[in-house]
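File shown: start-v2.pdb (PDB, C-alpha atoms).
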ATOM      1  CA  ASN R1341      66.101  -3.186  26.428
ATOM      2  CA  ALA R1342      67.749  -2.778  23.016
ATOM      3  CA  GLY R1343      67.056  -6.238  21.539
ATOM      4  CA  VAL R1344      68.796  -6.474  18.158
ATOM      5  CA  THR R1345      70.852  -3.465  17.092
ATOM      6  CA  GLN R1346      72.072  -2.973  13.532
ATOM      7  CA  THR R1347      74.435  -0.375  12.167
ATOM      8  CA  PRO R1348      74.442   1.564   9.943
ATOM      9  CA  LYS R1349      70.821   2.373   9.108
ATOM     10  CA  PHE R1350      71.623   3.637   5.636
ATOM     11  CA  GLN R1351      74.597   3.199   3.340
ATOM     12  CA  VAL R1352      75.427   4.091  -0.239
ATOM     13  CA  LEU R1353      78.315   2.280  -1.915
ATOM     14  CA  LYS R1354      79.882   2.375  -5.321
ATOM     15  CA  THR R1355      80.321  -0.856  -7.247
ATOM     16  CA  GLY R1356      83.412  -2.654  -6.009
ATOM     17  CA  GLN R1357      83.567  -1.009  -2.595
ATOM     18  CA  SER R1358      83.491  -3.107   0.549
ATOM     19  CA  MET R1359      81.680  -2.665   3.819
ATOM     20  CA  THR R1360      80.643  -4.511   6.961
ATOM     21  CA  LEU R1361      77.179  -4.457   8.491
ATOM     22  CA  GLN R1362      77.248  -4.831  12.243
ATOM     23  CA  CYS R1363      74.675  -6.618  14.385
ATOM     24  CA  ALA R1364      74.521  -7.148  18.139
ATOM     25  CA  GLN R1365      71.874  -8.697  20.384
ATOM     26  CA  ASP R1366      71.518  -8.460  24.134
ATOM     27  CA  MET R1367      69.034 -11.294  24.691
ATOM     28  CA  ASN R1368      71.627 -14.040  25.150
ATOM     29  CA  HIS R1369      70.294 -15.793  22.058
ATOM     30  CA  ASN R1370      72.230 -18.674  20.595
ATOM     31  CA  SER R1371      71.289 -18.220  16.943
ATOM     32  CA  MET R1372      71.734 -15.235  14.667
ATOM     33  CA  TYR R1373      70.768 -14.607  11.056
ATOM     34  CA  TRP R1374      71.206 -12.215   8.174
ATOM     35  CA  TYR R1375      68.328 -11.727   5.724
ATOM     36  CA  ARG R1376      67.846  -9.493   2.731
ATOM     37  CA  GLN R1377      64.446  -8.130   1.824
ATOM     38  CA  ASP R1378      63.602  -7.263  -1.762
ATOM     39  CA  PRO R1379      60.225  -6.190  -3.193
ATOM     40  CA  GLY R1380      58.085  -9.164  -4.188
ATOM     41  CA  MET R1381      60.608 -11.674  -2.879
ATOM     42  CA  GLY R1382      60.011 -11.616   0.848
ATOM     43  CA  LEU R1383      62.949 -12.311   3.124
ATOM     44  CA  ARG R1384      65.768 -14.509   1.939
ATOM     45  CA  LEU R1385      68.348 -15.959   4.292
ATOM     46  CA  ILE R1386      71.931 -15.028   3.459
ATOM     47  CA  TYR R1387      73.877 -16.661   6.299
ATOM     48  CA  TYR R1388      73.109 -17.866   9.771
ATOM     49  CA  SER R1389      74.927 -18.891  12.904
ATOM     50  CA  ALA R1390      73.164 -21.605  14.871
ATOM     51  CA  SER R1391      75.485 -21.098  17.819
ATOM     52  CA  GLU R1392      78.641 -19.233  18.738
ATOM     53  CA  GLY R1393      81.535 -20.448  16.646
ATOM     54  CA  THR R1394      79.463 -21.792  13.746
ATOM     55  CA  THR R1395      78.239 -20.220  10.544
ATOM     56  CA  ASP R1396      76.367 -21.696   7.594
ATOM     57  CA  LYS R1397      75.163 -20.565   4.207
ATOM     58  CA  GLY R1398      71.544 -19.738   3.648
ATOM     59  CA  GLU R1399      69.586 -19.342   0.444
ATOM     60  CA  VAL R1400      71.583 -16.476  -1.137
ATOM     61  CA  PRO R1401      75.168 -16.441   0.258
ATOM     62  CA  ASN R1402      77.098 -15.444  -2.879
ATOM     63  CA  GLY R1403      78.959 -12.161  -2.521
ATOM     64  CA  TYR R1404      78.774 -12.146   1.273
ATOM     65  CA  ASN R1405      80.834 -13.310   4.219
ATOM     66  CA  VAL R1406      79.965 -13.419   7.895
ATOM     67  CA  SER R1407      81.717 -13.517  11.237
ATOM     68  CA  ARG R1408      80.212 -14.637  14.533
ATOM     69  CA  LEU R1409      82.559 -12.571  16.660
ATOM     70  CA  ASN R1410      81.086 -13.758  19.960
ATOM     71  CA  LYS R1411      77.664 -14.752  21.243
ATOM     72  CA  ARG R1412      76.362 -11.195  20.930
ATOM     73  CA  GLU R1413      77.726 -10.088  17.571
ATOM     74  CA  PHE R1414      77.255 -11.302  14.011
ATOM     75  CA  SER R1415      78.622  -9.198  11.160
ATOM     76  CA  LEU R1416      77.949  -9.349   7.429
ATOM     77  CA  ARG R1417      80.632  -8.286   4.959
ATOM     78  CA  LEU R1418      80.340  -7.335   1.324
ATOM     79  CA  GLU R1419      83.836  -7.636  -0.153
ATOM     80  CA  SER R1420      83.055  -6.125  -3.553
ATOM     81  CA  ALA R1421      79.614  -4.591  -3.689
ATOM     82  CA  ALA R1422      77.437  -5.040  -6.779
ATOM     83  CA  PRO R1423      74.202  -3.257  -7.773
ATOM     84  CA  SER R1424      72.363  -6.571  -7.283
ATOM     85  CA  GLN R1425      73.143  -6.251  -3.581
ATOM     86  CA  THR R1426      71.005  -3.145  -3.281
ATOM     87  CA  SER R1427      68.499  -4.235  -0.676
ATOM     88  CA  VAL R1428      67.325  -3.877   2.894
ATOM     89  CA  TYR R1429      69.296  -6.113   5.223
ATOM     90  CA  PHE R1430      67.895  -7.442   8.475
ATOM     91  CA  CYS R1431      69.740  -9.125  11.274
ATOM     92  CA  ALA R1432      67.753 -11.410  13.551
ATOM     93  CA  SER R1433      68.340 -13.618  16.551
ATOM     94  CA  SER R1434      66.544 -16.495  18.246
ATOM     95  CA  GLU R1435      67.019 -18.754  21.238
ATOM     96  CA  SER R1436      67.476 -21.819  19.050
ATOM     97  CA  PRO R1437      67.840 -22.418  15.318
ATOM     98  CA  ARG R1438      64.588 -24.282  14.673
ATOM     99  CA  ASN R1439      61.310 -23.258  16.214
ATOM    100  CA  SER R1440      62.056 -20.179  18.245
ATOM    101  CA  PRO R1441      60.576 -16.887  17.030
ATOM    102  CA  LEU R1442      62.994 -14.468  15.442
ATOM    103  CA  HIS R1443      63.709 -11.037  16.862
ATOM    104  CA  PHE R1444      64.664  -8.570  14.151
ATOM    105  CA  GLY R1445      66.785  -5.471  14.053
ATOM    106  CA  ASN R1446      65.601  -2.277  12.392
ATOM    107  CA  GLY R1447      67.353  -2.971   9.121
ATOM    108  CA  THR R1448      70.057  -1.420   6.957
ATOM    109  CA  ARG R1449      69.050   0.106   3.640
ATOM    110  CA  LEU R1450      71.965  -0.393   1.267
ATOM    111  CA  THR R1451      72.207   1.159  -2.182
ATOM    112  CA  VAL R1452      74.983   0.160  -4.560
ATOM    113  CA  THR R1453      75.454   2.466  -7.536
TER     114      THR R1453
ATOM    115  CA  ALA K1468      62.891 -27.845  -0.085
ATOM    116  CA  GLN K1469      59.919 -26.369   1.640
ATOM    117  CA  SER K1470      58.166 -23.348   0.187
ATOM    118  CA  VAL K1471      55.587 -20.889   1.420
ATOM    119  CA  SER K1472      52.984 -19.251  -0.800
ATOM    120  CA  GLN K1473      51.106 -16.067  -0.100
ATOM    121  CA  HIS K1474      48.870 -15.558  -3.089
ATOM    122  CA  ASN K1475      47.505 -12.163  -2.070
ATOM    123  CA  HIS K1476      50.210  -9.640  -2.920
ATOM    124  CA  HIS K1477      48.256  -6.502  -2.069
ATOM    125  CA  VAL K1478      44.954  -6.317  -0.223
ATOM    126  CA  ILE K1479      42.998  -3.097   0.206
ATOM    127  CA  LEU K1480      40.180  -2.947   2.739
ATOM    128  CA  SER K1481      38.068  -0.340   4.435
ATOM    129  CA  GLU K1482      38.153   0.034   8.198
ATOM    130  CA  ALA K1483      35.916  -2.450  10.038
ATOM    131  CA  ALA K1484      36.059  -4.947   7.175
ATOM    132  CA  SER K1485      37.010  -8.523   7.939
ATOM    133  CA  LEU K1486      40.417  -9.794   6.881
ATOM    134  CA  GLU K1487      41.714 -13.131   5.753
ATOM    135  CA  LEU K1488      45.213 -13.521   4.315
ATOM    136  CA  GLY K1489      46.145 -16.818   2.772
ATOM    137  CA  CYS K1490      49.246 -18.865   3.505
ATOM    138  CA  ASN K1491      50.030 -22.299   2.106
ATOM    139  CA  TYR K1492      53.154 -24.365   2.570
ATOM    140  CA  SER K1493      54.539 -27.285   0.658
ATOM    141  CA  TYR K1494      55.921 -29.627   3.304
ATOM    142  CA  GLY K1495      53.726 -32.489   4.523
ATOM    143  CA  GLY K1496      55.432 -33.313   7.791
ATOM    144  CA  THR K1497      55.205 -31.635  11.163
ATOM    145  CA  VAL K1498      55.705 -27.909  10.835
ATOM    146  CA  ASN K1499      55.992 -24.818  12.973
ATOM    147  CA  LEU K1500      54.119 -21.844  11.598
ATOM    148  CA  PHE K1501      54.480 -18.127  12.142
ATOM    149  CA  TRP K1502      52.978 -14.845  11.040
ATOM    150  CA  TYR K1503      55.144 -11.735  11.205
ATOM    151  CA  VAL K1504      54.058  -8.152  10.629
ATOM    152  CA  GLN K1505      56.145  -5.266   9.334
ATOM    153  CA  TYR K1506      54.671  -1.804   9.905
ATOM    154  CA  PRO K1507      55.851   0.944   7.528
ATOM    155  CA  GLY K1508      59.479   1.784   8.158
ATOM    156  CA  GLN K1509      59.856  -0.774  10.934
ATOM    157  CA  HIS K1510      61.343  -4.222  11.404
ATOM    158  CA  LEU K1511      59.410  -7.471  11.440
ATOM    159  CA  GLN K1512      57.604  -8.418  14.612
ATOM    160  CA  LEU K1513      56.043 -11.715  15.597
ATOM    161  CA  LEU K1514      52.250 -11.655  15.334
ATOM    162  CA  LEU K1515      51.504 -15.232  16.338
ATOM    163  CA  LYS K1516      52.889 -18.740  16.137
ATOM    164  CA  TYR K1517      51.701 -22.337  16.035
ATOM    165  CA  PHE K1518      53.738 -25.300  17.239
ATOM    166  CA  SER K1519      51.110 -27.830  18.354
ATOM    167  CA  GLY K1520      47.762 -28.167  20.117
ATOM    168  CA  ASP K1521      44.688 -26.060  19.326
ATOM    169  CA  PRO K1522      44.863 -25.279  15.601
ATOM    170  CA  LEU K1523      43.212 -21.901  16.185
ATOM    171  CA  VAL K1524      45.916 -19.590  17.432
ATOM    172  CA  LYS K1525      45.311 -16.141  18.839
ATOM    173  CA  GLY K1526      47.959 -13.460  18.530
ATOM    174  CA  ILE K1527      48.400  -9.829  19.359
ATOM    175  CA  LYS K1528      46.139  -6.975  18.268
ATOM    176  CA  GLY K1529      43.107  -9.198  17.681
ATOM    177  CA  PHE K1530      44.692 -11.383  15.001
ATOM    178  CA  GLU K1531      44.193 -15.116  14.837
ATOM    179  CA  ALA K1532      45.232 -17.885  12.487
ATOM    180  CA  GLU K1533      43.914 -21.352  11.831
ATOM    181  CA  PHE K1534      46.147 -24.295  11.001
ATOM    182  CA  ILE K1535      44.379 -26.707   8.638
ATOM    183  CA  LYS K1536      46.739 -29.606   8.139
ATOM    184  CA  SER K1537      44.707 -31.226   5.354
ATOM    185  CA  LYS K1538      44.938 -28.017   3.324
ATOM    186  CA  PHE K1539      48.561 -27.191   4.246
ATOM    187  CA  SER K1540      47.268 -23.774   5.205
ATOM    188  CA  PHE K1541      47.733 -21.252   7.994
ATOM    189  CA  ASN K1542      45.503 -18.320   7.113
ATOM    190  CA  LEU K1543      45.548 -15.116   9.114
ATOM    191  CA  ARG K1544      42.264 -13.508  10.129
ATOM    192  CA  LYS K1545      40.934 -10.478  11.902
ATOM    193  CA  PRO K1546      37.198  -9.763  12.277
ATOM    194  CA  SER K1547      37.432  -5.979  12.019
ATOM    195  CA  VAL K1548      40.537  -4.202  10.739
ATOM    196  CA  GLN K1549      41.758  -0.786  11.744
ATOM    197  CA  TRP K1550      43.765   1.812   9.850
ATOM    198  CA  SER K1551      46.722   0.986  12.105
ATOM    199  CA  ASP K1552      46.774  -2.559  10.665
ATOM    200  CA  THR K1553      48.250  -1.163   7.453
ATOM    201  CA  ALA K1554      51.451  -3.157   7.116
ATOM    202  CA  GLU K1555      53.098  -6.018   5.304
ATOM    203  CA  TYR K1556      52.365  -9.502   6.600
ATOM    204  CA  PHE K1557      54.685 -12.465   6.207
ATOM    205  CA  CYS K1558      53.899 -16.104   6.758
ATOM    206  CA  ALA K1559      56.856 -18.324   7.709
ATOM    207  CA  VAL K1560      57.344 -22.039   8.159
ATOM    208  CA  THR K1561      59.979 -24.304   9.564
ATOM    209  CA  ARG K1562      59.982 -28.048   9.662
ATOM    210  CA  GLU K1563      59.990 -29.783  13.029
ATOM    211  CA  GLY K1564      63.169 -31.809  13.338
ATOM    212  CA  GLY K1565      64.505 -30.704   9.991
ATOM    213  CA  ASN K1566      67.616 -28.794   9.073
ATOM    214  CA  GLU K1567      65.895 -26.114   7.042
ATOM    215  CA  LYS K1568      65.758 -22.678   8.515
ATOM    216  CA  LEU K1569      62.691 -20.508   8.644
ATOM    217  CA  THR K1570      61.247 -20.036   5.165
ATOM    218  CA  PHE K1571      59.287 -16.860   4.535
ATOM    219  CA  GLY K1572      56.516 -16.223   2.061
ATOM    220  CA  THR K1573      56.799 -13.231  -0.263
ATOM    221  CA  GLY K1574      54.488 -11.155   1.916
ATOM    222  CA  THR K1575      51.094  -9.516   1.572
ATOM    223  CA  ARG K1576      50.823  -5.766   1.671
ATOM    224  CA  LEU K1577      47.667  -4.699   3.511
ATOM    225  CA  THR K1578      46.308  -1.200   3.045
ATOM    226  CA  ILE K1579      43.405  -0.061   5.218
ATOM    227  CA  ILE K1580      41.398   2.877   3.976
ATOM    228  CA  PRO K1581      39.985   5.050   6.785
TER     229      PRO K1581
END
Rewrite the coordinates I just gave you, this time as structure tokens.
Amino acid sequence: NAGVTQTPKFQVLKTGQSMTLQCAQDMNHNSMYWYRQDPGMGLRLIYYSASEGTTDKGEVPNGYNVSRLNKREFSLRLESAAPSQTSVYFCASSESPRNSPLHFGNGTRLTVT
Amino acid sequence: AQSVSQHNHHVILSEAASLELGCNYSYGGTVNLFWYVQYPGQHLQLLLKYFSGDPLVKGIKGFEAEFIKSKFSFNLRKPSVQWSDTAEYFCAVTREGGNEKLTFGTGTRLTIIP
């Protein structure tokens, strides 16, 4: 019972490099999310996908793109990484976009130098 | 836009002490309320949730929270903490029927001294 799986767990990038964070869930959830967690700022929503085939911006979307590849997978792409994107990134899923509890992955710790 | 305030940034307690972590939200309509816990090095896990009904909600590991609508609060409590409760605790709110997604507070780091 894997739940929400994120890869990679750690990544170091140089400014300007690109990368994609992968996320997959096996709970048949409709909604998926990408959050970033920074000290003293809690979790901030980057992008979400309420259902397969839809994506929407969250609170801090600048510098990111997402793809809801299918119901299971939701990837986050950094086209040109910046030091301000150094953070811990969490993928999450839920049955519905409003009042269902979120199930989180283990996170990706990204450092941009 | 709705907001969630957790005024206690870092709380340090001794084992067996009682715990209360504050959470206040800004929206006055019908809300759904959550507490999540993040143990060191782990992902967030749901501790408890409130949608409707009895305003005193019991969660896992002996935690409970009380929804007080008049105070826009959803404080987390535990009568006697253990060292294993050391973690970061996040309150989160979403509005019933609204378009906003789950809004998290900035978190409270809890350190339990053995």
For His1476 (chain K), work out the shell of residues within 10 Å, counting all atoms listed in the file and skipping chain neighbours fewer than 2 positions away, then give it as number ranges by chain.
R: 1380; K: 1473-1474, 1478, 1488, 1555-1556, 1573-1577
For a quick test of understanding: name the residues of chain K lying within 9 Å of chain R when counting only C-alpha atoms, and present them as a list in words.
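Taken together, these residues fit the definition: His1476, Asn1499, Leu1500, Phe1501, Gly1508, Gln1509, His1510, Leu1511, Gln1512, Leu1513, Lys1516, Phe1518, Phe1557, Thr1561, Arg1562, Glu1563, Gly1564, Gly1565, Asn1566, Glu1567, Lys1568, Leu1569, Thr1570, Phe1571, Gly1572, Thr1573 and Gly1574 of chain K.
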Protein and nucleic acid residues near (72.9, -11.1, 20.4) (cut-off 7 Å, only C-alpha atoms) as a list in words
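The residues that fall inside the cut-off are Val1344, Ala1364, Gln1365, Asp1366, Met1367, Asn1368, His1369, Lys1411, Arg1412, Glu1413 and Ser1433 of chain R.
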Name the residues that the PyMOL selection byres ((chain R and resi 1417) around 8) pulls out of this structure, and write them as a PyMOL selection string.
chain R and resi 1358-1361+1404-1406+1415-1416+1418-1419
Nearest to Gln1351 (chain R), chosen from R:Val1428, R:Leu1409, R:Glu1435, R:Gly1393, with all atoms listed in the file counted in the distances:
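Distance minimum relative to Gln1351 (chain R) lands on R:Val1428.
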Measuring between all atoms listed in the file, which one of K:Ser1493, K:Asn1475, K:Thr1578, K:Ser1485 shows the shortest distance to Phe1539 (chain K)?
K:Ser1493
